[in-house]
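A.B. asks: File follows, entry07.cif with mmCIF, C-alpha atoms, pLDDT in the B column; chains and numbers go by the auth columns:
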data_final
loop_
_atom_site.group_PDB
_atom_site.id
_atom_site.type_symbol
_atom_site.label_atom_id
_atom_site.label_comp_id
_atom_site.label_asym_id
_atom_site.label_seq_id
_atom_site.Cartn_x
_atom_site.Cartn_y
_atom_site.Cartn_z
_atom_site.B_iso_or_equiv
_atom_site.auth_seq_id
_atom_site.auth_asym_id
ATOM 1 C CA MET A 1 -4.849 -164.687 -89.764 45.00 1 A
ATOM 2 C CA ALA A 2 -3.513 -161.730 -91.726 48.00 2 A
ATOM 3 C CA LEU A 3 0.197 -161.258 -92.350 46.00 3 A
ATOM 4 C CA PRO A 4 1.818 -158.202 -90.821 47.00 4 A
ATOM 5 C CA ALA A 5 1.957 -155.404 -93.399 47.00 5 A
ATOM 6 C CA ASN A 6 5.780 -155.179 -93.531 43.00 6 A
ATOM 7 C CA ARG A 7 6.198 -158.907 -94.071 39.00 7 A
ATOM 8 C CA PHE A 8 3.549 -158.871 -96.816 41.00 8 A
ATOM 9 C CA ARG A 9 5.281 -156.000 -98.627 40.00 9 A
ATOM 10 C CA ALA A 10 8.628 -157.821 -98.455 39.00 10 A
ATOM 11 C CA MET A 11 7.066 -160.957 -99.907 40.00 11 A
ATOM 12 C CA ARG A 12 5.534 -158.965 -102.752 41.00 12 A
ATOM 13 C CA ARG A 13 8.879 -157.348 -103.618 43.00 13 A
ATOM 14 C CA ALA A 14 10.667 -160.707 -103.717 44.00 14 A
ATOM 15 C CA ALA A 15 8.026 -162.134 -106.050 59.00 15 A
ATOM 16 C CA ASN A 16 8.595 -159.486 -108.754 91.00 16 A
ATOM 17 C CA LEU A 17 10.899 -160.822 -111.418 95.00 17 A
ATOM 18 C CA ALA A 18 12.782 -158.271 -113.525 96.00 18 A
ATOM 19 C CA ARG A 19 14.840 -158.892 -116.642 97.00 19 A
ATOM 20 C CA GLN A 20 18.313 -160.203 -115.732 98.00 20 A
ATOM 21 C CA LYS A 21 21.180 -161.126 -118.007 97.00 21 A
ATOM 22 C CA MET A 22 24.717 -162.414 -117.711 97.00 22 A
ATOM 23 C CA ASN A 23 27.400 -162.485 -120.405 95.00 23 A
ATOM 24 C CA GLN A 24 30.444 -164.675 -120.921 92.00 24 A
ATOM 25 C CA THR A 25 33.625 -163.012 -119.665 92.00 25 A
ATOM 26 C CA ALA A 26 36.306 -165.078 -121.442 84.00 26 A
ATOM 27 C CA ASN A 27 36.455 -167.452 -124.388 79.00 27 A
ATOM 28 C CA ILE A 28 36.779 -171.153 -123.654 76.00 28 A
ATOM 29 C CA GLY A 29 38.948 -173.223 -125.976 71.00 29 A
ATOM 30 C CA ASP A 30 38.026 -176.762 -126.991 60.00 30 A
ATOM 31 C CA PRO A 31 36.848 -178.334 -123.709 63.00 31 A
ATOM 32 C CA GLY A 32 38.142 -181.734 -124.818 63.00 32 A
ATOM 33 C CA ALA A 33 36.858 -184.557 -122.636 64.00 33 A
ATOM 34 C CA SER A 34 36.032 -182.176 -119.782 77.00 34 A
ATOM 35 C CA VAL A 35 32.838 -180.433 -118.795 84.00 35 A
ATOM 36 C CA VAL A 36 33.702 -176.783 -118.190 87.00 36 A
ATOM 37 C CA LYS A 37 31.663 -174.132 -116.367 92.00 37 A
ATOM 38 C CA VAL A 38 31.273 -171.064 -118.593 92.00 38 A
ATOM 39 C CA PRO A 39 32.579 -167.870 -116.932 93.00 39 A
ATOM 40 C CA PHE A 40 29.918 -165.153 -116.621 94.00 40 A
ATOM 41 C CA THR A 41 29.434 -161.664 -115.255 95.00 41 A
ATOM 42 C CA SER A 42 26.430 -159.369 -114.984 97.00 42 A
ATOM 43 C CA ASP A 43 25.185 -157.487 -118.028 96.00 43 A
ATOM 44 C CA ALA A 44 25.394 -153.691 -117.674 95.00 44 A
ATOM 45 C CA THR A 45 21.966 -153.014 -119.203 96.00 45 A
ATOM 46 C CA HIS A 46 20.004 -155.784 -117.437 97.00 46 A
ATOM 47 C CA PRO A 47 21.953 -156.447 -114.218 96.00 47 A
ATOM 48 C CA ALA A 48 21.997 -159.868 -112.614 96.00 48 A
ATOM 49 C CA MET A 49 23.646 -161.170 -109.484 96.00 49 A
ATOM 50 C CA ALA A 50 26.507 -163.306 -110.808 95.00 50 A
ATOM 51 C CA VAL A 51 28.460 -165.195 -108.141 96.00 51 A
ATOM 52 C CA SER A 52 31.153 -167.705 -109.125 95.00 52 A
ATOM 53 C CA ASP A 53 29.846 -167.730 -112.722 95.00 53 A
ATOM 54 C CA THR A 54 26.303 -168.524 -111.540 97.00 54 A
ATOM 55 C CA MET A 55 23.251 -166.269 -111.804 97.00 55 A
ATOM 56 C CA ILE A 56 21.421 -165.969 -108.505 97.00 56 A
ATOM 57 C CA VAL A 57 17.877 -165.098 -109.549 98.00 57 A
ATOM 58 C CA ALA A 58 16.428 -161.998 -107.913 97.00 58 A
ATOM 59 C CA GLY A 59 12.663 -162.251 -107.500 96.00 59 A
ATOM 60 C CA GLY A 60 10.418 -164.981 -108.723 96.00 60 A
ATOM 61 C CA GLY A 61 7.781 -165.715 -111.306 96.00 61 A
ATOM 62 C CA LEU A 62 7.290 -167.195 -114.748 96.00 62 A
ATOM 63 C CA ALA A 63 10.155 -166.451 -117.146 97.00 63 A
ATOM 64 C CA ASP A 64 11.328 -166.997 -120.691 97.00 64 A
ATOM 65 C CA ILE A 65 15.061 -167.687 -120.773 97.00 65 A
ATOM 66 C CA THR A 66 17.289 -167.404 -123.823 96.00 66 A
ATOM 67 C CA LEU A 67 20.586 -169.299 -123.908 95.00 67 A
ATOM 68 C CA ALA A 68 22.766 -167.895 -126.697 91.00 68 A
ATOM 69 C CA VAL A 69 26.285 -168.455 -127.997 88.00 69 A
ATOM 70 C CA GLY A 70 28.378 -166.833 -130.711 82.00 70 A
ATOM 71 C CA GLY A 71 30.163 -168.752 -133.439 67.00 71 A
ATOM 72 C CA SER A 72 33.326 -170.667 -132.593 59.00 72 A
ATOM 73 C CA GLY A 73 35.568 -168.411 -134.660 58.00 73 A
ATOM 74 C CA SER A 74 37.049 -171.406 -136.478 60.00 74 A
ATOM 75 C CA ILE A 75 35.991 -174.153 -138.870 55.00 75 A
ATOM 76 C CA PHE A 76 35.067 -176.263 -135.856 60.00 76 A
ATOM 77 C CA GLY A 77 31.852 -176.144 -133.823 62.00 77 A
ATOM 78 C CA GLY A 78 30.453 -179.006 -131.840 74.00 78 A
ATOM 79 C CA VAL A 79 30.362 -177.786 -128.240 80.00 79 A
ATOM 80 C CA ARG A 80 27.100 -178.223 -126.328 85.00 80 A
ATOM 81 C CA LEU A 81 26.226 -175.537 -123.793 89.00 81 A
ATOM 82 C CA THR A 82 23.796 -176.796 -121.162 94.00 82 A
ATOM 83 C CA LEU A 83 21.755 -174.422 -119.027 97.00 83 A
ATOM 84 C CA LYS A 84 21.151 -175.736 -115.525 98.00 84 A
ATOM 85 C CA LEU A 85 18.556 -174.495 -113.045 98.00 85 A
ATOM 86 C CA ASN A 86 19.541 -175.561 -109.525 98.00 86 A
ATOM 87 C CA GLY A 87 21.647 -178.354 -111.046 97.00 87 A
ATOM 88 C CA ILE A 88 18.930 -179.679 -113.394 97.00 88 A
ATOM 89 C CA ASP A 89 19.315 -179.427 -117.194 97.00 89 A
ATOM 90 C CA VAL A 90 16.642 -177.126 -118.641 96.00 90 A
ATOM 91 C CA GLY A 91 18.007 -176.328 -122.112 96.00 91 A
ATOM 92 C CA SER A 92 21.001 -176.622 -124.420 94.00 92 A
ATOM 93 C CA VAL A 93 22.465 -175.212 -127.605 89.00 93 A
ATOM 94 C CA VAL A 94 25.314 -176.490 -129.798 83.00 94 A
ATOM 95 C CA THR A 95 27.932 -174.068 -131.130 76.00 95 A
ATOM 96 C CA ALA A 96 28.251 -173.592 -134.853 66.00 96 A
ATOM 97 C CA ASN A 97 31.413 -172.906 -136.812 66.00 97 A
ATOM 98 C CA HIS A 98 32.890 -169.526 -137.780 61.00 98 A
ATOM 99 C CA SER A 99 30.592 -166.651 -136.837 63.00 99 A
ATOM 100 C CA ASN A 100 27.224 -168.408 -136.851 73.00 100 A
ATOM 101 C CA ALA A 101 25.581 -167.432 -133.579 78.00 101 A
ATOM 102 C CA ARG A 102 22.859 -169.661 -132.158 84.00 102 A
ATOM 103 C CA SER A 103 20.286 -169.376 -129.423 88.00 103 A
ATOM 104 C CA VAL A 104 17.567 -171.477 -127.867 92.00 104 A
ATOM 105 C CA PRO A 105 14.492 -170.246 -125.994 94.00 105 A
ATOM 106 C CA VAL A 106 13.501 -171.996 -122.786 96.00 106 A
ATOM 107 C CA SER A 107 9.952 -170.791 -122.239 95.00 107 A
ATOM 108 C CA GLY A 108 7.630 -170.893 -119.263 95.00 108 A
ATOM 109 C CA VAL A 109 10.217 -171.547 -116.560 96.00 109 A
ATOM 110 C CA THR A 110 9.054 -170.965 -112.987 96.00 110 A
ATOM 111 C CA LEU A 111 11.799 -169.206 -111.037 97.00 111 A
ATOM 112 C CA ALA A 112 12.018 -168.452 -107.335 97.00 112 A
ATOM 113 C CA ASP A 113 14.122 -165.868 -105.553 97.00 113 A
ATOM 114 C CA GLY A 114 17.594 -167.371 -105.034 97.00 114 A
ATOM 115 C CA ASP A 115 17.395 -169.998 -107.795 98.00 115 A
ATOM 116 C CA GLN A 116 20.717 -170.662 -109.493 98.00 116 A
ATOM 117 C CA LEU A 117 21.336 -170.651 -113.248 98.00 117 A
ATOM 118 C CA ASP A 118 24.663 -171.708 -114.716 96.00 118 A
ATOM 119 C CA VAL A 119 26.001 -172.968 -118.033 95.00 119 A
ATOM 120 C CA TRP A 120 28.344 -175.872 -118.716 93.00 120 A
ATOM 121 C CA ALA A 121 30.244 -176.582 -121.947 87.00 121 A
ATOM 122 C CA ALA A 122 31.156 -180.041 -123.248 83.00 122 A
ATOM 123 C CA ARG A 123 32.338 -181.408 -126.565 78.00 123 A
ATOM 124 C CA VAL A 124 29.455 -183.032 -128.457 77.00 124 A
ATOM 125 C CA GLU A 125 31.492 -186.077 -129.509 63.00 125 A
ATOM 126 C CA ILE A 126 34.670 -187.186 -127.772 55.00 126 A
ATOM 127 C CA GLY A 127 37.441 -187.866 -130.263 54.00 127 A
ATOM 128 C CA TYR A 128 36.608 -184.928 -132.515 60.00 128 A
ATOM 129 C CA VAL A 129 38.096 -181.447 -132.439 60.00 129 A
ATOM 130 C CA SER A 130 35.652 -178.765 -131.396 62.00 130 A
ATOM 131 C CA GLY A 131 35.799 -175.007 -131.498 65.00 131 A
ATOM 132 C CA ALA A 132 35.881 -172.319 -128.859 71.00 132 A
ATOM 133 C CA VAL A 133 32.913 -171.090 -126.850 76.00 133 A
ATOM 134 C CA ARG A 134 32.463 -167.346 -127.389 75.00 134 A
ATOM 135 C CA GLU A 135 29.928 -164.673 -126.502 86.00 135 A
ATOM 136 C CA ALA A 136 27.560 -166.912 -124.531 88.00 136 A
ATOM 137 C CA SER A 137 24.735 -165.269 -122.593 93.00 137 A
ATOM 138 C CA VAL A 138 21.769 -166.135 -120.421 97.00 138 A
ATOM 139 C CA ASP A 139 18.843 -163.695 -120.646 97.00 139 A
ATOM 140 C CA VAL A 140 15.948 -164.059 -118.196 98.00 140 A
ATOM 141 C CA VAL A 141 12.826 -162.130 -119.207 97.00 141 A
ATOM 142 C CA PRO A 142 9.569 -162.131 -117.240 96.00 142 A
ATOM 143 C CA ALA A 143 6.942 -164.036 -119.248 93.00 143 A
ATOM 144 C CA THR A 144 4.029 -161.984 -120.496 82.00 144 A
#
Take the structure in the file and write it out as structure tokens.
C.D. replies:
Amino acid sequence: MALPANRFRAMRRAANLARQKMNQTANIGDPGASVVKVPFTSDATHPAMAVSDTMIVAGGGLADITLAVGGSGSIFGGVRLTLKLNGIDVGSVVTANHSNARSVPVSGVTLADGDQLDVWAARVEIGYVSGAVREASVDVVPAT
């Protein structure tokens, strides 16, 4: 049985994954013993649907995701940012001190329309002082 033409076209549109990016909107101080959701908004160049600091993926397909964070701006680093896909950890990066930016690629991730990506920050070791979380971003690029 063949699908009606309109339904087939709609399915094809939803399957096309375009580049989407969200950027941190405000610095987070030392998260202490808490786990803190990183505040995000859509990037102007590569728009994403950001709702309540979560990217709602538009389209689906195989993607390479980059989780990046700027330096802490102080002598302290030591905050782990964890990227979650629908609540499951898929990658993490630890902040460095001063202005040393870091990023981690998460390659070959299968995304579906409506999947949710968010980032959580936590101190690497409780009992130590950690730095701020600055300039974090999540960049979803269709895999080639």
A.B. asks: Looking at all atoms listed in the file, which of A:Ala68, A:Leu83, A:Val119, A:Met49 is the one that sits closest to A:Asn100?
C.D. replies: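 Answer, going by the shortest atom-to-atom distance: A:Ala68.
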A.B. asks: Evaluate the PyMOL selection byres ((chain A and resi 89) around 12) here and jot the selected residues down as a list in words.
C.D. replies: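 Selection result, ordered by chain and number: Leu81, Thr82, Leu83, Lys84, Leu85, Asn86, Gly87, Ile88, Val90, Gly91, Ser92, Val93, Val106, Gln116, Leu117, Asp118, Val119 and Trp120 of chain A.
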A.B. asks: Using the file's own x, y and z axes, so that the box edges lie along x, y and z, what centre and edge lengths in Å (one decimal) does a box around every listed atom of stretch 50-57 of chain A get when 3 Å is added on each side? Give it as lines of an AutoDock Vina configuration file.
C.D. replies:
center_x = 24.5
center_y = -165.9
center_z = -110.4
size_x = 19.3
size_y = 11.2
size_z = 10.6
A.B. asks: Expressed in Å to a single decimal, how great is the separation between atom CA of A:Asn27 and atom CA of A:Thr45?
C.D. replies: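 Atom-to-atom, atom CA of A:Asn27 and atom CA of A:Thr45 are spaced 21.1 Å apart.
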A.B. asks: Do you know which residues the PyMOL selection byres ((chain A and resi 55) around 9) returns on this file, as an NGL selection string?
C.D. replies: :A and (20-22 or 40-42 or 48-54 or 56-58 or 114-118 or 138)
A.B. asks: In Å to one decimal, how far is atom CA of A:Arg19 from atom CA of A:Gly61?
C.D. replies: 11.2 Å
A.B. asks: Tell me, in Å to one decimal, how far atom CA of A:Leu62 is from atom CA of A:Pro142.
C.D. replies: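 Between atom CA of A:Leu62 and atom CA of A:Pro142 the gap is 6.1 Å.
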A.B. asks: Pick out the closest residue to A:Ala18 from this set: A:Thr95, A:Asp113, A:Gly78, A:Ala132. Count only C-alpha atoms.
C.D. replies: A:Asp113
A.B. asks: For this file, the PyMOL selection byres ((chain A and resi 69) around 8) selects which residues, as a list in words?
C.D. replies: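 What the PyMOL selection byres ((chain A and resi 69) around 8) grabs from the file is Leu67, Ala68, Gly70, Gly71, Val93, Thr95, Ala101, Arg102, Ser103, Val133, Arg134, Glu135, Ala136 and Ser137 of chain A.
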A.B. asks: Could you give me, as a PyMOL selection string, the residues that have an atom at most 9 Å away from the point (32.8, -175.3, -119.0) in the coordinates of the file, using all atoms listed in the file?
C.D. replies: chain A and resi 28+31+34-39+81+119-122+133
A.B. asks: Would you mind exporting C-alpha atoms of the selected residues as an mmCIF file, in the frame of the given file?
C.D. replies:
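Printed below is part.cif as written:
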data_model
loop_
_atom_site.group_PDB
_atom_site.id
_atom_site.type_symbol
_atom_site.label_atom_id
_atom_site.label_comp_id
_atom_site.auth_asym_id
_atom_site.auth_seq_id
_atom_site.Cartn_x
_atom_site.Cartn_y
_atom_site.Cartn_z
ATOM 1 C CA ILE A 28 36.779 -171.153 -123.654
ATOM 2 C CA PRO A 31 36.848 -178.334 -123.709
ATOM 3 C CA SER A 34 36.032 -182.176 -119.782
ATOM 4 C CA VAL A 35 32.838 -180.433 -118.795
ATOM 5 C CA VAL A 36 33.702 -176.783 -118.190
ATOM 6 C CA LYS A 37 31.663 -174.132 -116.367
ATOM 7 C CA VAL A 38 31.273 -171.064 -118.593
ATOM 8 C CA PRO A 39 32.579 -167.870 -116.932
ATOM 9 C CA LEU A 81 26.226 -175.537 -123.793
ATOM 10 C CA VAL A 119 26.001 -172.968 -118.033
ATOM 11 C CA TRP A 120 28.344 -175.872 -118.716
ATOM 12 C CA ALA A 121 30.244 -176.582 -121.947
ATOM 13 C CA ALA A 122 31.156 -180.041 -123.248
ATOM 14 C CA VAL A 133 32.913 -171.090 -126.850
#
